[in-house]
Amino acid sequence: MAEQNFDAIVIGSGISGGWAAKELTEKGLKVLMLERGRNIEHVKDYVNANKEAWDYPHHGRKTQEMIAQNPVLDRDYPLNEQTYGMWVNDKESPYVEVKRYDWFRGYHVGGRSLLWGRQSYRWSDLDFEANAKDGIAVDWPVRYKEIEPWYDYVERFAGISGNRDGLSVLPDGQFLPPMEMTCVEKDVAKRLQEYYKGQRAMIIGRTANLTKEIEGRSACQFRNKCWLGCPFGAYFSTQSSTLPAAMKTGNLTLRPWSIVTKILYDKDTKRATGVEVLDAETNKTYVYKSKIVFLNASTLNSAWILMNSATDVWEGGLGSSSGELGHNIMDHHLGVGAGGRVEGYEDKYTFGRRANGIYIPRYQNIGNDKRDYLRGFGYQGSGNRGGWGSNVAEATIGAAFKEAISEPGGWSMGIMGFGEVLPDHKNFVTLDKTVKDKWGLNVLKIDAELKENELKMRKDMQADAIEMLTNAGVKDVRGYDANGVLGRGIHEMGSARMGADPKTSVVNKHNQIWDAPNVFVTDGSFMTSAACVNPSLTYMAFTARAVDFAVSELKKGNL
Amino acid sequence: MNRREALSSVALLLGGTILGSQAFLSGCKSTAGDAVAFTPEDIAFLNEVAETILPKTDTPGAKEANVGEFMTVIVKDCYKPEEAKVFMEGLSKLKGTNFMKASAEERTKMLTELDAEAKAFQEKKKPEELPHYFRMMKELTLWGFFTSEVGATKVLRYVAVPGKFEGCTEYKKGDKAWAT
C-alpha cells in the first residue's frame, strides 16, 4: 500500500474538489484526492466526443434497457445514448424519495464538472444580504467585498467568457471576450431595453467556455458537444483545468473507486484525523490520515458522509450539533417560461453551434418592482432559426416536400426561468434504515419540495416571460410550466449551511465545521441561501478562499 | 440542433406531439422485445416507403440511408408494445396493397392519400388513442433520415468543427439547414 499519510485529503473530484486539490497542492501540501467512481482521463476517455447522431445505433435515443436500469435519470435529459455511463446508475446507487426529488449524479473523476451547464455568474450583496433582510434562515457571515477578489481569482484561471454589462445585480468579472448574440437576440435585447427603460436587461450568457485559448487549453470550437467531454479542453472541468494544475505540482495522489464511508474524528483533540475508504472495486476498507480534510462530495453526499461520521460523539453525525446538518436543501426551480415566433430575418442565419444562450438577470423585488413573494428569478434562453423539418410544406410526400423541409424554418425566441428556492428547515435529508446500495451502505432519504414562495414565483416566471416576449414583438407567445420538482436544476445546495453561530449553522465563515475545524466543506453544502444564479462559480471562489485560510491556519499551528 | 430539438421539429412539422416522444422524454417502459420481429423483406419494403416520402433527387433519398432498417430498430427498442402492434399491423396492411408493384408516381399518390387519411385520423382521435401507423412511418422516416450520415451530410449542411460562432450570417433561399 502506498503512502497512507497526507497533509490534506480532498473528498470528491468535481468542480469544488478539483479546486481544493489545485490550491492545496500549489501551496505545497501533499494531497490525496478521493473519488468514489471510475477514472476518466482527459481526452482519451471521452469516447463519444467526436460522434454524431448517426454513430449511435438509436441516433442518440435511449433504449428500454437503459430505462430499466435508470428510472430516475429517465425523468429528464440525462438519460440518452450520448452521455450513457456518465450519470449514476440508479439501480447501483438508489435513494429514497419521501417526496419526488430528481437526483442526477456523476460518480467518476471530474464528477459533474464534465456535465455541467457552465453558466457562471457572480453573486451580489442583493444575495448575500437577502436572509438578513427577509429575516429568514440565518445571515451569511460574508459579503460581496470579501468574496470579490476570489471571484477574480477563479475566473482568471477557469476562463469565463462574458460581456461587461455594468449591472449591479450581476457584477462584472474577469471575462474573456463574449460570445455573439444572434440577430434575433440582439433585436429582442434592444426592444426589452427600450420597453423597460433599462430596468430589465438581456445579456449574452457568461459561460466557462474559452473564447480565447489560455495555457494548455484551446478556444471553443463551437461544436456544442461539451457534455461528451471536450478534446480541446475548451470548457472548465476538473480534467481540463484543475487536475492538470494539481498534477503538475507533483503533490497530488488521485485515488478513484474510493467511497469515503466516514471522516475519522478524535474527540480529545476535536479534530478529524483522516477518512475511512471502501474500495468500490474490491470492497476492502482502507484508512488514510491527514491534517486537514476538504469535503467536496456534492451537497447531498457530503451530508451523507458527515451523518455517518463521529456518530459515537453525536448521534446525528459530525456537524450535527446545530440540528441543521442535512436540512435547508435547496435547488433552483425551472422548467417554466415561454416562447414564440419571430417574424422577419428570413435572409439571416447562424454559423457554428454556440453552447451558450442569453441571460435575463433578476429584476424582481429590486427597486420599485415588488412581488408577493421573496427573492426572484432570472431567465436563460435563446433566439434561433428553426432547423430542418420546420417548414410546413404544401406537399406532404415526395421531392418537393423533401426540398422544403431540408431548408431552415423561421426564427423563434424562448426563455426559461431559474428561480431562487428559499432555505427551509423542513426540506431535508436523513439516513434511510432500510435500503442499501450496491456496496451494502445505507442510503439517503430525501424529503424536500417546492413550497409556497416558489410556487407563487412560478406564476410570475411564466407570466413575465409571456409579457416580455410579447412586448419585444415576439408572435404567438406561449407559456409553459412543467416539472416543478426539486432536483431538476441539478444545483443542490444547503445541507451544511454557513453561519456566524455554531448553534444555528454547520460551518463558519471559512467553511470550517464548527465541531471539527480541520474539516472544510466547500461544495454546495455550505450555501446559506441559493440566489437564482447558477452556483458553481461561487463554490469555486469559496473553495479557493477556504484553502488559503486553511493553509495559513495550518502554518500557524491552529489546525 | 440537439436531439430533443430534432424530435420536436418533426413534431412541429406533423402538427402535434411526436409519437414516442412520451417514451423519449418520460420513459418508454415497453418490452416489445421478441413479439416485434422484422424480416429482410419488411426492411426492404419500409425502405421503399421511406424513399417515396423522401425520394432521391439531385441529393440522395431515404433508401440510401437505409431508413427502413432504422425504423425497425426504433420500433423494436423504443416503442411500447401496443404502439409496435399498430406499426406492425399497418405494415402488414400496406404490404397487402400493390405498393411494391406500383410505379413511383403511383406510390407517391398512394402515400399522399394515406398521409391525408393519417392526418384526418390524428385530428379527430382522442388523446389516449394510438396514432395512425402511417404517422409513425413518416415520423421515423424524417427523423431517421435527417439524423443519418447521408441525410445530414449530403442533403443538409454539416460542419464537424465550426471553429467559430457567427450569430448573424447571410442566408439565401434554397440554402439547406445545418444538420447539427
# chains A, B, ... in the order shown; residues from 1 in each chain; ligands from 1

$ residues_around --residues "Leu32 of chain A" --least-positions-apart "4" --cutoff "9 Å" --atoms "only C-alpha atoms" --output "VMD selection string"
chain A and resid 5 to 11 21 251 to 255 288 290

$ interface_residues --of "chain B" --to "chain A" --cutoff "6 Å" --atoms "only C-alpha atoms" --output "list of chain:residue names"
B:Ser9, B:Val10, B:Leu13, B:Ser26, B:Gly27, B:Thr52, B:Ile53, B:Leu54, B:Pro55, B:Asp77, B:Cys78, B:Thr112, B:Thr147, B:Ser148, B:Glu149, B:Val161, B:Pro162, B:Gly163, B:Lys164, B:Phe165, B:Glu166, B:Gly167, B:Cys168, B:Thr169, B:Glu170, B:Tyr171, B:Lys176, B:Ala177

$ write_last_selection --atoms "N, CA and C atoms" --output "PDB file, in the first residue's frame"
ATOM      1  N   SER B   9     -38.884  19.268 -33.831  1.00  0.00           N
ATOM      2  CA  SER B   9     -39.162  19.878 -35.126  1.00  0.00           C
ATOM      3  C   SER B   9     -39.942  18.927 -36.019  1.00  0.00           C
ATOM      4  N   VAL B  10     -39.736  17.641 -35.838  1.00  0.00           N
ATOM      5  CA  VAL B  10     -40.578  16.687 -36.559  1.00  0.00           C
ATOM      6  C   VAL B  10     -42.011  16.807 -36.069  1.00  0.00           C
ATOM      7  N   LEU B  13     -43.678  19.761 -37.493  1.00  0.00           N
ATOM      8  CA  LEU B  13     -43.993  19.539 -38.895  1.00  0.00           C
ATOM      9  C   LEU B  13     -45.256  18.709 -39.048  1.00  0.00           C
ATOM     10  N   SER B  26     -40.278  10.866 -21.189  1.00  0.00           N
ATOM     11  CA  SER B  26     -40.623  10.452 -19.841  1.00  0.00           C
ATOM     12  C   SER B  26     -40.461   8.955 -19.661  1.00  0.00           C
ATOM     13  N   GLY B  27     -40.013   8.271 -20.681  1.00  0.00           N
ATOM     14  CA  GLY B  27     -39.663   6.884 -20.452  1.00  0.00           C
ATOM     15  C   GLY B  27     -40.489   5.932 -21.267  1.00  0.00           C
ATOM     16  N   THR B  52     -40.220   6.851 -50.927  1.00  0.00           N
ATOM     17  CA  THR B  52     -41.346   7.570 -51.534  1.00  0.00           C
ATOM     18  C   THR B  52     -41.602   8.880 -50.785  1.00  0.00           C
ATOM     19  N   ILE B  53     -41.438   8.833 -49.485  1.00  0.00           N
ATOM     20  CA  ILE B  53     -41.630  10.054 -48.679  1.00  0.00           C
ATOM     21  C   ILE B  53     -40.489  11.039 -48.957  1.00  0.00           C
ATOM     22  N   LEU B  54     -39.262  10.550 -48.942  1.00  0.00           N
ATOM     23  CA  LEU B  54     -38.079  11.387 -49.176  1.00  0.00           C
ATOM     24  C   LEU B  54     -37.264  10.767 -50.322  1.00  0.00           C
ATOM     25  N   PRO B  55     -37.654  11.041 -51.561  1.00  0.00           N
ATOM     26  CA  PRO B  55     -37.003  10.366 -52.691  1.00  0.00           C
ATOM     27  C   PRO B  55     -35.638  10.961 -53.046  1.00  0.00           C
ATOM     28  N   ASP B  77     -36.900  -1.362 -30.177  1.00  0.00           N
ATOM     29  CA  ASP B  77     -36.231  -0.996 -28.926  1.00  0.00           C
ATOM     30  C   ASP B  77     -36.945   0.080 -28.120  1.00  0.00           C
ATOM     31  N   CYS B  78     -37.737   0.909 -28.759  1.00  0.00           N
ATOM     32  CA  CYS B  78     -38.293   2.044 -28.026  1.00  0.00           C
ATOM     33  C   CYS B  78     -39.806   2.167 -28.012  1.00  0.00           C
ATOM     34  N   THR B 112     -49.602   9.785 -50.501  1.00  0.00           N
ATOM     35  CA  THR B 112     -50.192  11.101 -50.264  1.00  0.00           C
ATOM     36  C   THR B 112     -51.611  10.928 -49.716  1.00  0.00           C
ATOM     37  N   THR B 147     -31.070  12.558 -39.423  1.00  0.00           N
ATOM     38  CA  THR B 147     -30.003  12.318 -38.445  1.00  0.00           C
ATOM     39  C   THR B 147     -29.072  11.197 -38.916  1.00  0.00           C
ATOM     40  N   SER B 148     -29.247  10.760 -40.165  1.00  0.00           N
ATOM     41  CA  SER B 148     -28.318   9.763 -40.717  1.00  0.00           C
ATOM     42  C   SER B 148     -27.138  10.504 -41.352  1.00  0.00           C
ATOM     43  N   GLU B 149     -26.068   9.805 -41.593  1.00  0.00           N
ATOM     44  CA  GLU B 149     -24.903  10.453 -42.197  1.00  0.00           C
ATOM     45  C   GLU B 149     -25.222  10.961 -43.602  1.00  0.00           C
ATOM     46  N   VAL B 161     -16.456  20.689 -37.254  1.00  0.00           N
ATOM     47  CA  VAL B 161     -15.782  21.580 -36.308  1.00  0.00           C
ATOM     48  C   VAL B 161     -15.882  23.017 -36.829  1.00  0.00           C
ATOM     49  N   PRO B 162     -16.934  23.717 -36.443  1.00  0.00           N
ATOM     50  CA  PRO B 162     -17.123  25.074 -36.977  1.00  0.00           C
ATOM     51  C   PRO B 162     -15.981  26.032 -36.619  1.00  0.00           C
ATOM     52  N   GLY B 163     -15.425  25.895 -35.417  1.00  0.00           N
ATOM     53  CA  GLY B 163     -14.293  26.752 -35.049  1.00  0.00           C
ATOM     54  C   GLY B 163     -14.660  28.160 -34.654  1.00  0.00           C
ATOM     55  N   LYS B 164     -15.879  28.579 -34.947  1.00  0.00           N
ATOM     56  CA  LYS B 164     -16.322  29.925 -34.575  1.00  0.00           C
ATOM     57  C   LYS B 164     -17.843  29.953 -34.532  1.00  0.00           C
ATOM     58  N   PHE B 165     -18.365  31.006 -33.939  1.00  0.00           N
ATOM     59  CA  PHE B 165     -19.807  31.206 -33.964  1.00  0.00           C
ATOM     60  C   PHE B 165     -20.105  32.584 -34.516  1.00  0.00           C
ATOM     61  N   GLU B 166     -20.995  32.617 -35.497  1.00  0.00           N
ATOM     62  CA  GLU B 166     -21.465  33.891 -36.023  1.00  0.00           C
ATOM     63  C   GLU B 166     -22.979  33.924 -35.900  1.00  0.00           C
ATOM     64  N   GLY B 167     -23.459  34.937 -35.224  1.00  0.00           N
ATOM     65  CA  GLY B 167     -24.881  34.986 -34.870  1.00  0.00           C
ATOM     66  C   GLY B 167     -25.765  35.579 -35.941  1.00  0.00           C
ATOM     67  N   CYS B 168     -25.168  36.078 -37.005  1.00  0.00           N
ATOM     68  CA  CYS B 168     -25.979  36.769 -38.000  1.00  0.00           C
ATOM     69  C   CYS B 168     -25.288  36.698 -39.360  1.00  0.00           C
ATOM     70  N   THR B 169     -25.492  35.593 -40.053  1.00  0.00           N
ATOM     71  CA  THR B 169     -24.858  35.432 -41.365  1.00  0.00           C
ATOM     72  C   THR B 169     -25.914  35.596 -42.459  1.00  0.00           C
ATOM     73  N   GLU B 170     -25.460  35.706 -43.695  1.00  0.00           N
ATOM     74  CA  GLU B 170     -26.399  35.854 -44.810  1.00  0.00           C
ATOM     75  C   GLU B 170     -27.015  34.504 -45.154  1.00  0.00           C
ATOM     76  N   TYR B 171     -28.283  34.535 -45.524  1.00  0.00           N
ATOM     77  CA  TYR B 171     -28.961  33.313 -45.951  1.00  0.00           C
ATOM     78  C   TYR B 171     -29.673  33.558 -47.276  1.00  0.00           C
ATOM     79  N   LYS B 176     -29.566  24.950 -47.641  1.00  0.00           N
ATOM     80  CA  LYS B 176     -30.079  23.933 -46.732  1.00  0.00           C
ATOM     81  C   LYS B 176     -29.817  24.293 -45.270  1.00  0.00           C
ATOM     82  N   ALA B 177     -30.603  23.675 -44.415  1.00  0.00           N
ATOM     83  CA  ALA B 177     -30.424  23.874 -42.969  1.00  0.00           C
ATOM     84  C   ALA B 177     -29.147  23.176 -42.498  1.00  0.00           C
TER      85      ALA B 177
END

$ select_by_dssp --residues "segment 109-358 of chain A" --states "helix (DSSP H, G or I)" --output "PyMOL selection string"
chain A and resi 111-113+125-128+130-134+144-158+183-195+226-228+238-248+299-307

$ write_last_selection --atoms "C-alpha atoms" --output "mmCIF file, in the first residue's frame"
data_model
loop_
_atom_site.group_PDB
_atom_site.id
_atom_site.type_symbol
_atom_site.label_atom_id
_atom_site.label_comp_id
_atom_site.auth_asym_id
_atom_site.auth_seq_id
_atom_site.Cartn_x
_atom_site.Cartn_y
_atom_site.Cartn_z
ATOM 1 C CA GLY A 111 -17.911 14.488 -11.336
ATOM 2 C CA ARG A 112 -20.427 16.850 -12.817
ATOM 3 C CA SER A 113 -17.709 19.270 -13.911
ATOM 4 C CA ASP A 125 -24.885 41.773 -1.996
ATOM 5 C CA LEU A 126 -28.522 41.511 -3.008
ATOM 6 C CA ASP A 127 -27.943 37.786 -2.472
ATOM 7 C CA PHE A 128 -25.567 37.836 0.492
ATOM 8 C CA ALA A 130 -31.132 38.539 1.497
ATOM 9 C CA ASN A 131 -31.582 36.266 4.509
ATOM 10 C CA ALA A 132 -30.841 39.070 6.951
ATOM 11 C CA LYS A 133 -33.208 41.491 5.214
ATOM 12 C CA ASP A 134 -36.017 38.963 4.971
ATOM 13 C CA TYR A 144 -19.549 40.566 -1.631
ATOM 14 C CA LYS A 145 -16.457 42.654 -0.845
ATOM 15 C CA GLU A 146 -14.841 39.698 0.909
ATOM 16 C CA ILE A 147 -15.519 37.252 -1.863
ATOM 17 C CA GLU A 148 -14.928 39.592 -4.813
ATOM 18 C CA PRO A 149 -11.152 39.018 -5.088
ATOM 19 C CA TRP A 150 -11.776 35.278 -5.029
ATOM 20 C CA TYR A 151 -14.228 35.564 -7.885
ATOM 21 C CA ASP A 152 -11.491 37.444 -9.765
ATOM 22 C CA TYR A 153 -9.020 34.725 -8.921
ATOM 23 C CA VAL A 154 -11.101 31.745 -10.012
ATOM 24 C CA GLU A 155 -12.454 33.437 -13.131
ATOM 25 C CA ARG A 156 -8.953 34.159 -14.399
ATOM 26 C CA PHE A 157 -7.995 30.529 -14.101
ATOM 27 C CA ALA A 158 -11.261 28.897 -15.162
ATOM 28 C CA CYS A 183 -29.673 38.834 -34.845
ATOM 29 C CA VAL A 184 -32.946 37.972 -33.190
ATOM 30 C CA GLU A 185 -31.414 38.028 -29.720
ATOM 31 C CA LYS A 186 -29.844 41.415 -30.416
ATOM 32 C CA ASP A 187 -33.179 42.731 -31.583
ATOM 33 C CA VAL A 188 -35.121 41.377 -28.605
ATOM 34 C CA ALA A 189 -32.461 42.703 -26.207
ATOM 35 C CA LYS A 190 -32.776 46.162 -27.705
ATOM 36 C CA ARG A 191 -36.568 46.124 -27.563
ATOM 37 C CA LEU A 192 -36.556 44.984 -23.936
ATOM 38 C CA GLN A 193 -34.081 47.694 -23.049
ATOM 39 C CA GLU A 194 -36.372 50.296 -24.619
ATOM 40 C CA TYR A 195 -39.652 48.956 -23.321
ATOM 41 C CA CYS A 226 -19.445 19.821 -24.200
ATOM 42 C CA TRP A 227 -21.303 17.055 -22.388
ATOM 43 C CA LEU A 228 -19.371 14.409 -24.258
ATOM 44 C CA THR A 238 -11.571 19.135 -13.385
ATOM 45 C CA GLN A 239 -9.887 17.237 -16.205
ATOM 46 C CA SER A 240 -9.183 20.212 -18.431
ATOM 47 C CA SER A 241 -8.206 22.666 -15.732
ATOM 48 C CA THR A 242 -7.684 21.979 -12.037
ATOM 49 C CA LEU A 243 -6.454 18.392 -12.205
ATOM 50 C CA PRO A 244 -3.548 19.085 -14.589
ATOM 51 C CA ALA A 245 -2.562 22.060 -12.432
ATOM 52 C CA ALA A 246 -2.595 19.915 -9.306
ATOM 53 C CA MET A 247 -0.740 17.069 -11.014
ATOM 54 C CA LYS A 248 1.935 19.451 -12.219
ATOM 55 C CA THR A 299 -24.230 18.588 -1.363
ATOM 56 C CA LEU A 300 -26.265 15.525 -0.533
ATOM 57 C CA ASN A 301 -23.389 13.059 -0.419
ATOM 58 C CA SER A 302 -21.316 15.360 1.776
ATOM 59 C CA ALA A 303 -24.233 15.338 4.227
ATOM 60 C CA TRP A 304 -24.318 11.552 3.968
ATOM 61 C CA ILE A 305 -20.620 11.286 4.851
ATOM 62 C CA LEU A 306 -20.982 13.661 7.804
ATOM 63 C CA MET A 307 -24.057 11.807 9.098
#

$ closest_residue --among "A:Asn511, A:Val521, A:Asn209, A:Leu34" --to "Val260 of chain A" --atoms "only C-alpha atoms"
A:Leu34

$ residues_around --residues "Ala84 of chain B" --least-positions-apart "5" --cutoff "8 Å" --atoms "only C-alpha atoms" --output "ChimeraX atom specification"
/B:32,36,75-76,79

$ decode --residues "segment 50-92 of chain B" --atoms "C-alpha atoms" --output "compact mmCIF listing (two decimals), in the first residue's frame"
# COMPACT_ATOMS: atom_id res chain seq x y z
CA ALA B 50 -39.29 5.91 -46.88
CA GLU B 51 -37.90 6.53 -50.34
CA THR B 52 -41.35 7.57 -51.53
CA ILE B 53 -41.63 10.05 -48.68
CA LEU B 54 -38.08 11.39 -49.18
CA PRO B 55 -37.00 10.37 -52.69
CA LYS B 56 -33.64 10.67 -54.37
CA THR B 57 -33.48 13.98 -56.23
CA ASP B 58 -30.21 15.69 -57.01
CA THR B 59 -29.42 14.53 -53.47
CA PRO B 60 -29.79 11.02 -52.00
CA GLY B 61 -33.09 9.67 -50.78
CA ALA B 62 -34.11 7.73 -47.67
CA LYS B 63 -33.26 4.33 -49.10
CA GLU B 64 -29.61 5.26 -49.41
CA ALA B 65 -29.59 5.89 -45.66
CA ASN B 66 -31.30 2.54 -45.04
CA VAL B 67 -34.04 4.29 -43.11
CA GLY B 68 -36.17 1.14 -43.37
CA GLU B 69 -33.83 -0.72 -41.09
CA PHE B 70 -33.56 2.22 -38.71
CA MET B 71 -37.36 2.23 -38.34
CA THR B 72 -37.33 -1.39 -37.27
CA VAL B 73 -34.60 -0.76 -34.69
CA ILE B 74 -36.56 2.05 -33.05
CA VAL B 75 -39.88 0.22 -33.14
CA LYS B 76 -38.26 -2.83 -31.54
CA ASP B 77 -36.23 -1.00 -28.93
CA CYS B 78 -38.29 2.04 -28.03
CA TYR B 79 -41.93 1.67 -28.92
CA LYS B 80 -44.41 0.46 -26.35
CA PRO B 81 -45.82 -2.98 -27.25
CA GLU B 82 -49.18 -1.52 -28.21
CA GLU B 83 -47.51 1.09 -30.43
CA ALA B 84 -45.35 -1.56 -32.05
CA LYS B 85 -48.53 -3.55 -32.68
CA VAL B 86 -50.12 -0.63 -34.53
CA PHE B 87 -46.94 -0.26 -36.58
CA MET B 88 -46.75 -3.98 -37.41
CA GLU B 89 -50.43 -4.20 -38.37
CA GLY B 90 -50.05 -1.11 -40.52
CA LEU B 91 -47.03 -2.61 -42.20
CA SER B 92 -48.96 -5.82 -42.99
